[in-house]
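**Q** File name final_39.cif; file contents mmCIF, N, CA and C atoms; full text below.
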data_data
loop_
_atom_site.group_PDB
_atom_site.id
_atom_site.type_symbol
_atom_site.label_atom_id
_atom_site.label_comp_id
_atom_site.auth_asym_id
_atom_site.auth_seq_id
_atom_site.Cartn_x
_atom_site.Cartn_y
_atom_site.Cartn_z
ATOM 1 N N MET K 1 3.638 7.044 -10.137
ATOM 2 C CA MET K 1 2.619 6.926 -9.124
ATOM 3 C C MET K 1 3.237 6.767 -7.739
ATOM 4 N N PHE K 2 4.201 5.854 -7.606
ATOM 5 C CA PHE K 2 4.845 5.633 -6.312
ATOM 6 C C PHE K 2 6.226 6.276 -6.295
ATOM 7 N N ASN K 3 6.557 6.836 -5.151
ATOM 8 C CA ASN K 3 7.843 7.490 -4.933
ATOM 9 C C ASN K 3 8.938 6.422 -4.861
ATOM 10 N N PRO K 4 9.967 6.510 -5.703
ATOM 11 C CA PRO K 4 11.035 5.503 -5.644
ATOM 12 C C PRO K 4 11.922 5.641 -4.404
ATOM 13 N N HIS K 5 11.776 6.758 -3.675
ATOM 14 C CA HIS K 5 12.593 6.992 -2.477
ATOM 15 C C HIS K 5 11.724 7.464 -1.308
ATOM 16 N N PRO K 6 10.788 6.606 -0.858
ATOM 17 C CA PRO K 6 9.950 7.009 0.281
ATOM 18 C C PRO K 6 10.763 6.989 1.574
ATOM 19 N N GLN K 7 10.174 7.531 2.616
ATOM 20 C CA GLN K 7 10.775 7.485 3.946
ATOM 21 C C GLN K 7 10.344 6.169 4.594
ATOM 22 N N VAL K 8 11.305 5.322 4.931
ATOM 23 C CA VAL K 8 10.995 4.004 5.487
ATOM 24 C C VAL K 8 11.570 3.904 6.891
ATOM 25 N N GLN K 9 10.738 3.459 7.822
ATOM 26 C CA GLN K 9 11.171 3.225 9.197
ATOM 27 C C GLN K 9 10.875 1.774 9.563
ATOM 28 N N TYR K 10 11.729 1.185 10.370
ATOM 29 C CA TYR K 10 11.533 -0.168 10.884
ATOM 30 C C TYR K 10 11.395 -0.047 12.396
ATOM 31 N N LEU K 11 10.172 -0.227 12.897
ATOM 32 C CA LEU K 11 9.908 -0.064 14.320
ATOM 33 C C LEU K 11 9.850 -1.422 15.000
ATOM 34 N N PRO K 12 10.668 -1.635 16.030
ATOM 35 C CA PRO K 12 10.683 -2.934 16.697
ATOM 36 C C PRO K 12 9.369 -3.224 17.415
ATOM 37 N N LEU K 13 8.992 -4.509 17.386
ATOM 38 C CA LEU K 13 7.790 -4.970 18.091
ATOM 39 C C LEU K 13 8.165 -6.136 19.001
ATOM 40 N N GLY K 14 8.999 -5.870 19.952
ATOM 41 C CA GLY K 14 9.444 -6.918 20.867
ATOM 42 C C GLY K 14 10.246 -7.964 20.127
ATOM 43 N N ASP K 15 9.894 -9.246 20.338
ATOM 44 C CA ASP K 15 10.621 -10.349 19.715
ATOM 45 C C ASP K 15 10.076 -10.699 18.336
ATOM 46 N N HIS K 16 9.121 -9.939 17.846
ATOM 47 C CA HIS K 16 8.484 -10.227 16.566
ATOM 48 C C HIS K 16 9.153 -9.432 15.451
ATOM 49 N N ALA K 17 8.759 -9.702 14.233
ATOM 50 C CA ALA K 17 9.236 -8.919 13.099
ATOM 51 C C ALA K 17 8.834 -7.467 13.314
ATOM 52 N N PRO K 18 9.637 -6.527 12.854
ATOM 53 C CA PRO K 18 9.313 -5.121 13.077
ATOM 54 C C PRO K 18 8.131 -4.655 12.229
ATOM 55 N N CYS K 19 7.595 -3.538 12.619
ATOM 56 C CA CYS K 19 6.564 -2.863 11.842
ATOM 57 C C CYS K 19 7.286 -2.001 10.804
ATOM 58 N N VAL K 20 6.932 -2.140 9.549
ATOM 59 C CA VAL K 20 7.552 -1.359 8.488
ATOM 60 C C VAL K 20 6.613 -0.207 8.144
ATOM 61 N N VAL K 21 7.091 1.028 8.319
ATOM 62 C CA VAL K 21 6.312 2.229 8.038
ATOM 63 C C VAL K 21 6.885 2.878 6.787
ATOM 64 N N VAL K 22 6.038 3.047 5.773
ATOM 65 C CA VAL K 22 6.461 3.667 4.519
ATOM 66 C C VAL K 22 5.709 4.984 4.378
ATOM 67 N N ASP K 23 6.409 6.102 4.574
ATOM 68 C CA ASP K 23 5.822 7.433 4.421
ATOM 69 C C ASP K 23 6.241 8.015 3.082
ATOM 70 N N ASP K 24 5.454 8.949 2.596
ATOM 71 C CA ASP K 24 5.724 9.597 1.301
ATOM 72 C C ASP K 24 5.809 8.573 0.185
ATOM 73 N N ALA K 25 4.921 7.585 0.218
ATOM 74 C CA ALA K 25 4.944 6.510 -0.773
ATOM 75 C C ALA K 25 4.416 6.962 -2.129
ATOM 76 N N LEU K 26 3.529 7.950 -2.143
ATOM 77 C CA LEU K 26 2.934 8.407 -3.402
ATOM 78 C C LEU K 26 3.628 9.672 -3.902
ATOM 79 N N LEU K 27 3.747 9.776 -5.216
ATOM 80 C CA LEU K 27 4.352 10.967 -5.800
ATOM 81 C C LEU K 27 3.389 12.159 -5.803
ATOM 82 N N ALA K 28 2.109 11.924 -5.932
ATOM 83 C CA ALA K 28 1.127 13.014 -5.997
ATOM 84 C C ALA K 28 -0.095 12.690 -5.127
ATOM 85 N N PRO K 29 0.065 12.628 -3.806
ATOM 86 C CA PRO K 29 -1.063 12.264 -2.943
ATOM 87 C C PRO K 29 -2.216 13.268 -3.024
ATOM 88 N N GLU K 30 -1.941 14.482 -3.433
ATOM 89 C CA GLU K 30 -3.004 15.487 -3.534
ATOM 90 C C GLU K 30 -4.036 15.140 -4.604
ATOM 91 N N ARG K 31 -3.725 14.186 -5.479
ATOM 92 C CA ARG K 31 -4.664 13.759 -6.515
ATOM 93 C C ARG K 31 -5.669 12.719 -6.018
ATOM 94 N N LEU K 32 -5.436 12.137 -4.847
ATOM 95 C CA LEU K 32 -6.322 11.085 -4.345
ATOM 96 C C LEU K 32 -7.759 11.533 -4.071
ATOM 97 N N PRO K 33 -7.997 12.708 -3.491
ATOM 98 C CA PRO K 33 -9.401 13.091 -3.280
ATOM 99 C C PRO K 33 -10.209 13.155 -4.580
ATOM 100 N N ALA K 34 -9.643 13.685 -5.635
ATOM 101 C CA ALA K 34 -10.355 13.749 -6.917
ATOM 102 C C ALA K 34 -10.584 12.345 -7.472
ATOM 103 N N PHE K 35 -9.617 11.470 -7.301
ATOM 104 C CA PHE K 35 -9.760 10.084 -7.746
ATOM 105 C C PHE K 35 -10.905 9.406 -6.986
ATOM 106 N N ALA K 36 -10.917 9.575 -5.671
ATOM 107 C CA ALA K 36 -11.968 8.973 -4.848
ATOM 108 C C ALA K 36 -13.340 9.532 -5.226
ATOM 109 N N GLN K 37 -13.402 10.807 -5.484
ATOM 110 C CA GLN K 37 -14.669 11.424 -5.881
ATOM 111 C C GLN K 37 -15.151 10.860 -7.211
ATOM 112 N N ALA K 38 -14.255 10.674 -8.149
ATOM 113 C CA ALA K 38 -14.621 10.152 -9.469
ATOM 114 C C ALA K 38 -15.159 8.721 -9.389
ATOM 115 N N TYR K 39 -14.701 7.961 -8.404
ATOM 116 C CA TYR K 39 -15.116 6.554 -8.274
ATOM 117 C C TYR K 39 -15.987 6.318 -7.036
ATOM 118 N N ARG K 40 -16.618 7.345 -6.523
ATOM 119 C CA ARG K 40 -17.369 7.235 -5.271
ATOM 120 C C ARG K 40 -18.452 6.172 -5.307
ATOM 121 N N GLU K 41 -19.050 5.928 -6.452
ATOM 122 C CA GLU K 41 -20.111 4.924 -6.559
ATOM 123 C C GLU K 41 -19.569 3.491 -6.486
ATOM 124 N N ASP K 42 -18.266 3.329 -6.670
ATOM 125 C CA ASP K 42 -17.655 1.997 -6.680
ATOM 126 C C ASP K 42 -17.159 1.541 -5.311
ATOM 127 N N PHE K 43 -17.169 2.428 -4.328
ATOM 128 C CA PHE K 43 -16.732 2.045 -2.985
ATOM 129 C C PHE K 43 -17.747 1.083 -2.374
ATOM 130 N N GLN K 44 -17.234 0.120 -1.599
ATOM 131 C CA GLN K 44 -18.083 -0.868 -0.933
ATOM 132 C C GLN K 44 -17.651 -0.997 0.521
ATOM 133 N N ALA K 45 -18.568 -1.468 1.350
ATOM 134 C CA ALA K 45 -18.231 -1.712 2.756
ATOM 135 C C ALA K 45 -17.162 -2.796 2.833
ATOM 136 N N ALA K 46 -16.200 -2.589 3.702
ATOM 137 C CA ALA K 46 -15.137 -3.567 3.892
ATOM 138 C C ALA K 46 -15.680 -4.799 4.598
ATOM 139 N N PRO K 47 -15.103 -5.974 4.305
ATOM 140 C CA PRO K 47 -15.510 -7.186 5.029
ATOM 141 C C PRO K 47 -15.252 -7.019 6.534
ATOM 142 N N PRO K 48 -15.962 -7.778 7.380
ATOM 143 C CA PRO K 48 -15.845 -7.618 8.833
ATOM 144 C C PRO K 48 -14.427 -7.764 9.387
ATOM 145 N N ALA K 49 -13.589 -8.584 8.798
ATOM 146 C CA ALA K 49 -12.251 -8.823 9.344
ATOM 147 C C ALA K 49 -11.228 -7.786 8.871
ATOM 148 N N VAL K 50 -11.667 -6.781 8.130
ATOM 149 C CA VAL K 50 -10.777 -5.765 7.574
ATOM 150 C C VAL K 50 -11.040 -4.445 8.292
ATOM 151 N N PHE K 51 -10.100 -3.503 8.158
ATOM 152 C CA PHE K 51 -10.283 -2.183 8.748
ATOM 153 C C PHE K 51 -11.669 -1.661 8.375
ATOM 154 N N PRO K 52 -12.452 -1.194 9.333
ATOM 155 C CA PRO K 52 -13.835 -0.791 9.036
ATOM 156 C C PRO K 52 -13.906 0.435 8.123
ATOM 157 N N GLY K 53 -14.963 0.494 7.360
ATOM 158 C CA GLY K 53 -15.183 1.633 6.479
ATOM 159 C C GLY K 53 -15.392 1.181 5.058
ATOM 160 N N LEU K 54 -15.324 2.130 4.156
ATOM 161 C CA LEU K 54 -15.499 1.833 2.735
ATOM 162 C C LEU K 54 -14.151 1.572 2.093
ATOM 163 N N GLN K 55 -14.176 0.752 1.058
ATOM 164 C CA GLN K 55 -12.941 0.471 0.326
ATOM 165 C C GLN K 55 -13.238 0.427 -1.167
ATOM 166 N N LEU K 56 -12.207 0.677 -1.951
ATOM 167 C CA LEU K 56 -12.315 0.653 -3.401
ATOM 168 C C LEU K 56 -11.333 -0.386 -3.924
ATOM 169 N N ARG K 57 -11.836 -1.358 -4.639
ATOM 170 C CA ARG K 57 -10.956 -2.367 -5.234
ATOM 171 C C ARG K 57 -10.180 -1.702 -6.364
ATOM 172 N N MET K 58 -8.868 -1.784 -6.275
ATOM 173 C CA MET K 58 -8.007 -1.130 -7.256
ATOM 174 C C MET K 58 -7.708 -2.076 -8.409
ATOM 175 N N PRO K 59 -7.337 -1.516 -9.568
ATOM 176 C CA PRO K 59 -6.974 -2.359 -10.713
ATOM 177 C C PRO K 59 -5.760 -3.235 -10.379
ATOM 178 N N GLU K 60 -5.657 -4.366 -11.049
ATOM 179 C CA GLU K 60 -4.546 -5.295 -10.811
ATOM 180 C C GLU K 60 -3.187 -4.629 -11.012
ATOM 181 N N GLU K 61 -3.090 -3.701 -11.961
ATOM 182 C CA GLU K 61 -1.816 -3.010 -12.215
ATOM 183 C C GLU K 61 -1.377 -2.217 -10.984
ATOM 184 N N PHE K 62 -2.335 -1.558 -10.333
ATOM 185 C CA PHE K 62 -2.036 -0.805 -9.122
ATOM 186 C C PHE K 62 -1.600 -1.749 -8.013
ATOM 187 N N THR K 63 -2.336 -2.839 -7.848
ATOM 188 C CA THR K 63 -2.016 -3.817 -6.806
ATOM 189 C C THR K 63 -0.608 -4.371 -7.002
ATOM 190 N N ALA K 64 -0.229 -4.647 -8.235
ATOM 191 C CA ALA K 64 1.115 -5.158 -8.522
ATOM 192 C C ALA K 64 2.185 -4.116 -8.173
ATOM 193 N N LEU K 65 1.933 -2.853 -8.503
ATOM 194 C CA LEU K 65 2.886 -1.792 -8.164
ATOM 195 C C LEU K 65 3.002 -1.622 -6.654
ATOM 196 N N LEU K 66 1.882 -1.691 -5.945
ATOM 197 C CA LEU K 66 1.905 -1.587 -4.484
ATOM 198 C C LEU K 66 2.678 -2.754 -3.876
ATOM 199 N N HIS K 67 2.481 -3.941 -4.406
ATOM 200 C CA HIS K 67 3.236 -5.107 -3.958
ATOM 201 C C HIS K 67 4.739 -4.858 -4.128
ATOM 202 N N ASP K 68 5.120 -4.281 -5.257
ATOM 203 C CA ASP K 68 6.535 -3.988 -5.505
ATOM 204 C C ASP K 68 7.099 -3.021 -4.472
ATOM 205 N N VAL K 69 6.322 -2.006 -4.101
ATOM 206 C CA VAL K 69 6.773 -1.037 -3.098
ATOM 207 C C VAL K 69 7.052 -1.746 -1.782
ATOM 208 N N PHE K 70 6.110 -2.570 -1.324
ATOM 209 C CA PHE K 70 6.326 -3.274 -0.061
ATOM 210 C C PHE K 70 7.454 -4.285 -0.163
ATOM 211 N N ARG K 71 7.539 -4.988 -1.278
ATOM 212 C CA ARG K 71 8.632 -5.946 -1.457
ATOM 213 C C ARG K 71 9.972 -5.232 -1.377
ATOM 214 N N ASP K 72 10.086 -4.122 -2.079
ATOM 215 C CA ASP K 72 11.364 -3.418 -2.137
ATOM 216 C C ASP K 72 11.772 -2.798 -0.805
ATOM 217 N N HIS K 73 10.798 -2.363 -0.004
ATOM 218 C CA HIS K 73 11.134 -1.638 1.212
ATOM 219 C C HIS K 73 10.958 -2.440 2.492
ATOM 220 N N ALA K 74 10.286 -3.574 2.439
ATOM 221 C CA ALA K 74 10.077 -4.368 3.648
ATOM 222 C C ALA K 74 10.938 -5.621 3.685
ATOM 223 N N ARG K 75 11.543 -5.973 2.574
ATOM 224 C CA ARG K 75 12.327 -7.212 2.503
ATOM 225 C C ARG K 75 13.399 -7.274 3.583
ATOM 226 N N ARG K 76 14.107 -6.172 3.808
ATOM 227 C CA ARG K 76 15.191 -6.162 4.790
ATOM 228 C C ARG K 76 14.693 -6.553 6.175
ATOM 229 N N ALA K 77 13.523 -6.064 6.542
ATOM 230 C CA ALA K 77 13.014 -6.301 7.891
ATOM 231 C C ALA K 77 12.249 -7.613 8.025
ATOM 232 N N LEU K 78 11.514 -7.997 6.983
ATOM 233 C CA LEU K 78 10.621 -9.139 7.111
ATOM 234 C C LEU K 78 11.142 -10.403 6.449
ATOM 235 N N GLY K 79 12.122 -10.278 5.580
ATOM 236 C CA GLY K 79 12.698 -11.428 4.916
ATOM 237 C C GLY K 79 12.024 -11.739 3.594
ATOM 238 N N PRO K 80 12.743 -12.423 2.710
ATOM 239 C CA PRO K 80 12.230 -12.695 1.359
ATOM 240 C C PRO K 80 10.998 -13.590 1.327
ATOM 241 N N ALA K 81 10.845 -14.491 2.273
ATOM 242 C CA ALA K 81 9.684 -15.397 2.251
ATOM 243 C C ALA K 81 8.387 -14.618 2.433
ATOM 244 N N VAL K 82 8.418 -13.561 3.229
ATOM 245 C CA VAL K 82 7.221 -12.753 3.466
ATOM 246 C C VAL K 82 7.035 -11.743 2.342
ATOM 247 N N CYS K 83 8.105 -11.114 1.917
ATOM 248 C CA CYS K 83 8.000 -9.980 0.992
ATOM 249 C C CYS K 83 7.944 -10.355 -0.477
ATOM 250 N N CYS K 84 8.316 -11.515 -0.815
ATOM 251 C CA CYS K 84 8.428 -11.821 -2.240
ATOM 252 C C CYS K 84 7.343 -12.757 -2.748
ATOM 253 N N ALA K 85 6.393 -13.108 -1.935
ATOM 254 C CA ALA K 85 5.285 -13.937 -2.404
ATOM 255 C C ALA K 85 4.434 -13.113 -3.361
ATOM 256 N N ALA K 86 3.859 -13.767 -4.327
ATOM 257 C CA ALA K 86 2.992 -13.075 -5.294
ATOM 258 C C ALA K 86 1.754 -12.545 -4.578
ATOM 259 N N PRO K 87 1.248 -11.379 -5.010
ATOM 260 C CA PRO K 87 0.032 -10.857 -4.378
ATOM 261 C C PRO K 87 -1.147 -11.786 -4.637
ATOM 262 N N ALA K 88 -2.063 -11.811 -3.676
ATOM 263 C CA ALA K 88 -3.263 -12.653 -3.816
ATOM 264 C C ALA K 88 -4.137 -12.122 -4.927
ATOM 265 N N ALA K 89 -4.724 -13.014 -5.688
ATOM 266 C CA ALA K 89 -5.580 -12.590 -6.800
ATOM 267 C C ALA K 89 -6.978 -12.285 -6.328
#
The structure in this file should be written as structure tokens.
**A**
Amino acid sequence: MFNPHPQVQYLPLGDHAPCVVVDDALLAPERLPAFAQAYREDFQAAPPAVFPGLQLRMPEEFTALLHDVFRDHARRALGPAVCCAAPAA
């Protein structure tokens, strides 16, 4: 599902931790439209404090894999305390 060798950039943000950009994170992004179409009834409006629009709650297995991607590729820039915390349930 996730590319083991995505393109990762660390963009400086002044005196703060850098912005970590992970491109080509998915192995088959062309499959996402069909996935979204299959689950279109499950999308819900995002809470007010989140990026506006509809969102789909993903299975815990997906969330854990996504956490691993960010942990593996953001640790260098953000440090282990930020990157290695368990994902929120």
**Q** From the DSSP assignment of the backbone, select every residue of chain K that is helix (DSSP H, G or I), and format the answer as a PyMOL selection string.
**A** chain K and resi 29-38+40-42+60-78+80-83
**Q** Once you add 4 Å to each side, what are the centre and edge lengths of the axis-aligned box holding all listed atoms of region 41-49 of chain K? One decimal in Å, as lines of an AutoDock Vina configuration file, if you can.
**A**
center_x = -15.7
center_y = -1.4
center_z = 1.4
size_x = 16.9
size_y = 22.8
size_z = 24.1
**Q** Can you spell out as a list of chain:residue names the set of residues that the PyMOL selection byres ((chain K and resi 32-42) around 6.5) selects in the structure I just provided?
**A**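 Output from the PyMOL selection byres ((chain K and resi 32-42) around 6.5), applied to this file: K:Ala28, K:Pro29, K:Glu30, K:Arg31, K:Phe43, K:Gln44, K:Gln55, K:Leu56, K:Arg57.
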**Q** Could you work out how far CA of Gln9 (chain K) lies from CA of His67 (chain K), giving the answer in Å with one decimal?
**A**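 Interatomic distance here is 17.5 Å.
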**Q** Considering only N, CA and C atoms, can you say which of K:Gly53, K:Gly14, K:Phe62, K:Ala25 comes closest to Phe2 (chain K)?
**A** K:Ala25
**Q** Grab the CA of Cys19 (chain K) to CA of Val50 (chain K) distance for me, in Å with one decimal place.
**A** 18.1 Å
**Q** Going by DSSP on the backbone, which residues of chain K come out as strand (DSSP E)? List them as a ChimeraX atom specification.
**A** /K:7-13,16-23,44-45,54-55
**Q** Using the selection just defined, write its residues with N, CA and C atoms as an mmCIF file, in the coordinates of the input.
**A**
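Final output, saved to part-v1.cif:
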data_model
loop_
_atom_site.group_PDB
_atom_site.id
_atom_site.type_symbol
_atom_site.label_atom_id
_atom_site.label_comp_id
_atom_site.auth_asym_id
_atom_site.auth_seq_id
_atom_site.Cartn_x
_atom_site.Cartn_y
_atom_site.Cartn_z
ATOM 1 N N GLN K 7 10.174 7.531 2.616
ATOM 2 C CA GLN K 7 10.775 7.485 3.946
ATOM 3 C C GLN K 7 10.344 6.169 4.594
ATOM 4 N N VAL K 8 11.305 5.322 4.931
ATOM 5 C CA VAL K 8 10.995 4.004 5.487
ATOM 6 C C VAL K 8 11.570 3.904 6.891
ATOM 7 N N GLN K 9 10.738 3.459 7.822
ATOM 8 C CA GLN K 9 11.171 3.225 9.197
ATOM 9 C C GLN K 9 10.875 1.774 9.563
ATOM 10 N N TYR K 10 11.729 1.185 10.370
ATOM 11 C CA TYR K 10 11.533 -0.168 10.884
ATOM 12 C C TYR K 10 11.395 -0.047 12.396
ATOM 13 N N LEU K 11 10.172 -0.227 12.897
ATOM 14 C CA LEU K 11 9.908 -0.064 14.320
ATOM 15 C C LEU K 11 9.850 -1.422 15.000
ATOM 16 N N PRO K 12 10.668 -1.635 16.030
ATOM 17 C CA PRO K 12 10.683 -2.934 16.697
ATOM 18 C C PRO K 12 9.369 -3.224 17.415
ATOM 19 N N LEU K 13 8.992 -4.509 17.386
ATOM 20 C CA LEU K 13 7.790 -4.970 18.091
ATOM 21 C C LEU K 13 8.165 -6.136 19.001
ATOM 22 N N HIS K 16 9.121 -9.939 17.846
ATOM 23 C CA HIS K 16 8.484 -10.227 16.566
ATOM 24 C C HIS K 16 9.153 -9.432 15.451
ATOM 25 N N ALA K 17 8.759 -9.702 14.233
ATOM 26 C CA ALA K 17 9.236 -8.919 13.099
ATOM 27 C C ALA K 17 8.834 -7.467 13.314
ATOM 28 N N PRO K 18 9.637 -6.527 12.854
ATOM 29 C CA PRO K 18 9.313 -5.121 13.077
ATOM 30 C C PRO K 18 8.131 -4.655 12.229
ATOM 31 N N CYS K 19 7.595 -3.538 12.619
ATOM 32 C CA CYS K 19 6.564 -2.863 11.842
ATOM 33 C C CYS K 19 7.286 -2.001 10.804
ATOM 34 N N VAL K 20 6.932 -2.140 9.549
ATOM 35 C CA VAL K 20 7.552 -1.359 8.488
ATOM 36 C C VAL K 20 6.613 -0.207 8.144
ATOM 37 N N VAL K 21 7.091 1.028 8.319
ATOM 38 C CA VAL K 21 6.312 2.229 8.038
ATOM 39 C C VAL K 21 6.885 2.878 6.787
ATOM 40 N N VAL K 22 6.038 3.047 5.773
ATOM 41 C CA VAL K 22 6.461 3.667 4.519
ATOM 42 C C VAL K 22 5.709 4.984 4.378
ATOM 43 N N ASP K 23 6.409 6.102 4.574
ATOM 44 C CA ASP K 23 5.822 7.433 4.421
ATOM 45 C C ASP K 23 6.241 8.015 3.082
ATOM 46 N N GLN K 44 -17.234 0.120 -1.599
ATOM 47 C CA GLN K 44 -18.083 -0.868 -0.933
ATOM 48 C C GLN K 44 -17.651 -0.997 0.521
ATOM 49 N N ALA K 45 -18.568 -1.468 1.350
ATOM 50 C CA ALA K 45 -18.231 -1.712 2.756
ATOM 51 C C ALA K 45 -17.162 -2.796 2.833
ATOM 52 N N LEU K 54 -15.324 2.130 4.156
ATOM 53 C CA LEU K 54 -15.499 1.833 2.735
ATOM 54 C C LEU K 54 -14.151 1.572 2.093
ATOM 55 N N GLN K 55 -14.176 0.752 1.058
ATOM 56 C CA GLN K 55 -12.941 0.471 0.326
ATOM 57 C C GLN K 55 -13.238 0.427 -1.167
#
**Q** Which value, in Å to one decimal, gives the distance between CA of Phe70 (chain K) and CA of Val20 (chain K)?
**A**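 It comes out at 8.8 Å.
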**Q** Can you tell me which residues surround Val22 (chain K) at a distance of at most 7 Å, considering all atoms listed in the file, apart from same-chain residues fewer than 5 positions away, and format the answer as a list in words?
**A**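 Once the adjacent positions are removed, what remains is Pro6, Gln7, Val8 and Gln9 of chain K.
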**Q** Measuring atom to atom with only C-alpha atoms, identify which of K:Ala46, K:Leu26, K:Leu65, K:Leu54 is nearest to His5 (chain K).
**A**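 Smallest separation from His5 (chain K) among the options: K:Leu26.
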**Q** Just save region 49-69 of chain K with N, CA and C atoms, as an mmCIF file, in the first residue's frame.
**A**
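Full text of decode.cif as output:
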data_model
loop_
_atom_site.group_PDB
_atom_site.id
_atom_site.type_symbol
_atom_site.label_atom_id
_atom_site.label_comp_id
_atom_site.auth_asym_id
_atom_site.auth_seq_id
_atom_site.Cartn_x
_atom_site.Cartn_y
_atom_site.Cartn_z
ATOM 1 N N ALA K 49 -12.365 22.215 13.343
ATOM 2 C CA ALA K 49 -10.947 22.531 13.519
ATOM 3 C C ALA K 49 -10.048 21.765 12.544
ATOM 4 N N VAL K 50 -10.634 21.009 11.630
ATOM 5 C CA VAL K 50 -9.880 20.189 10.685
ATOM 6 C C VAL K 50 -10.035 20.789 9.292
ATOM 7 N N PHE K 51 -9.154 20.380 8.372
ATOM 8 C CA PHE K 51 -9.253 20.841 6.993
ATOM 9 C C PHE K 51 -10.694 20.671 6.515
ATOM 10 N N PRO K 52 -11.298 21.698 5.941
ATOM 11 C CA PRO K 52 -12.721 21.616 5.573
ATOM 12 C C PRO K 52 -12.982 20.598 4.460
ATOM 13 N N GLY K 53 -14.160 20.040 4.488
ATOM 14 C CA GLY K 53 -14.560 19.092 3.457
ATOM 15 C C GLY K 53 -15.014 17.793 4.068
ATOM 16 N N LEU K 54 -15.130 16.793 3.229
ATOM 17 C CA LEU K 54 -15.554 15.470 3.687
ATOM 18 C C LEU K 54 -14.340 14.626 4.020
ATOM 19 N N GLN K 55 -14.537 13.712 4.954
ATOM 20 C CA GLN K 55 -13.450 12.803 5.318
ATOM 21 C C GLN K 55 -14.013 11.404 5.532
ATOM 22 N N LEU K 56 -13.146 10.421 5.374
ATOM 23 C CA LEU K 56 -13.517 9.028 5.564
ATOM 24 C C LEU K 56 -12.625 8.455 6.656
ATOM 25 N N ARG K 57 -13.230 7.957 7.704
ATOM 26 C CA ARG K 57 -12.452 7.330 8.775
ATOM 27 C C ARG K 57 -11.909 6.009 8.244
ATOM 28 N N MET K 58 -10.601 5.865 8.317
ATOM 29 C CA MET K 58 -9.946 4.676 7.780
ATOM 30 C C MET K 58 -9.843 3.602 8.851
ATOM 31 N N PRO K 59 -9.700 2.339 8.428
ATOM 32 C CA PRO K 59 -9.534 1.249 9.397
ATOM 33 C C PRO K 59 -8.263 1.452 10.230
ATOM 34 N N GLU K 60 -8.260 0.906 11.431
ATOM 35 C CA GLU K 60 -7.106 1.040 12.328
ATOM 36 C C GLU K 60 -5.820 0.520 11.690
ATOM 37 N N GLU K 61 -5.915 -0.529 10.877
ATOM 38 C CA GLU K 61 -4.723 -1.087 10.220
ATOM 39 C C GLU K 61 -4.083 -0.055 9.292
ATOM 40 N N PHE K 62 -4.921 0.682 8.562
ATOM 41 C CA PHE K 62 -4.421 1.725 7.675
ATOM 42 C C PHE K 62 -3.772 2.835 8.487
ATOM 43 N N THR K 63 -4.444 3.253 9.551
ATOM 44 C CA THR K 63 -3.920 4.322 10.403
ATOM 45 C C THR K 63 -2.560 3.936 10.977
ATOM 46 N N ALA K 64 -2.406 2.694 11.393
ATOM 47 C CA ALA K 64 -1.127 2.225 11.934
ATOM 48 C C ALA K 64 -0.032 2.252 10.860
ATOM 49 N N LEU K 65 -0.366 1.834 9.643
ATOM 50 C CA LEU K 65 0.611 1.872 8.551
ATOM 51 C C LEU K 65 0.997 3.306 8.210
ATOM 52 N N LEU K 66 0.026 4.211 8.196
ATOM 53 C CA LEU K 66 0.312 5.622 7.925
ATOM 54 C C LEU K 66 1.206 6.206 9.016
ATOM 55 N N HIS K 67 0.940 5.857 10.256
ATOM 56 C CA HIS K 67 1.787 6.288 11.364
ATOM 57 C C HIS K 67 3.228 5.819 11.137
ATOM 58 N N ASP K 68 3.387 4.583 10.693
ATOM 59 C CA ASP K 68 4.726 4.048 10.432
ATOM 60 C C ASP K 68 5.450 4.845 9.353
ATOM 61 N N VAL K 69 4.732 5.235 8.302
ATOM 62 C CA VAL K 69 5.339 6.024 7.225
ATOM 63 C C VAL K 69 5.867 7.337 7.779
#
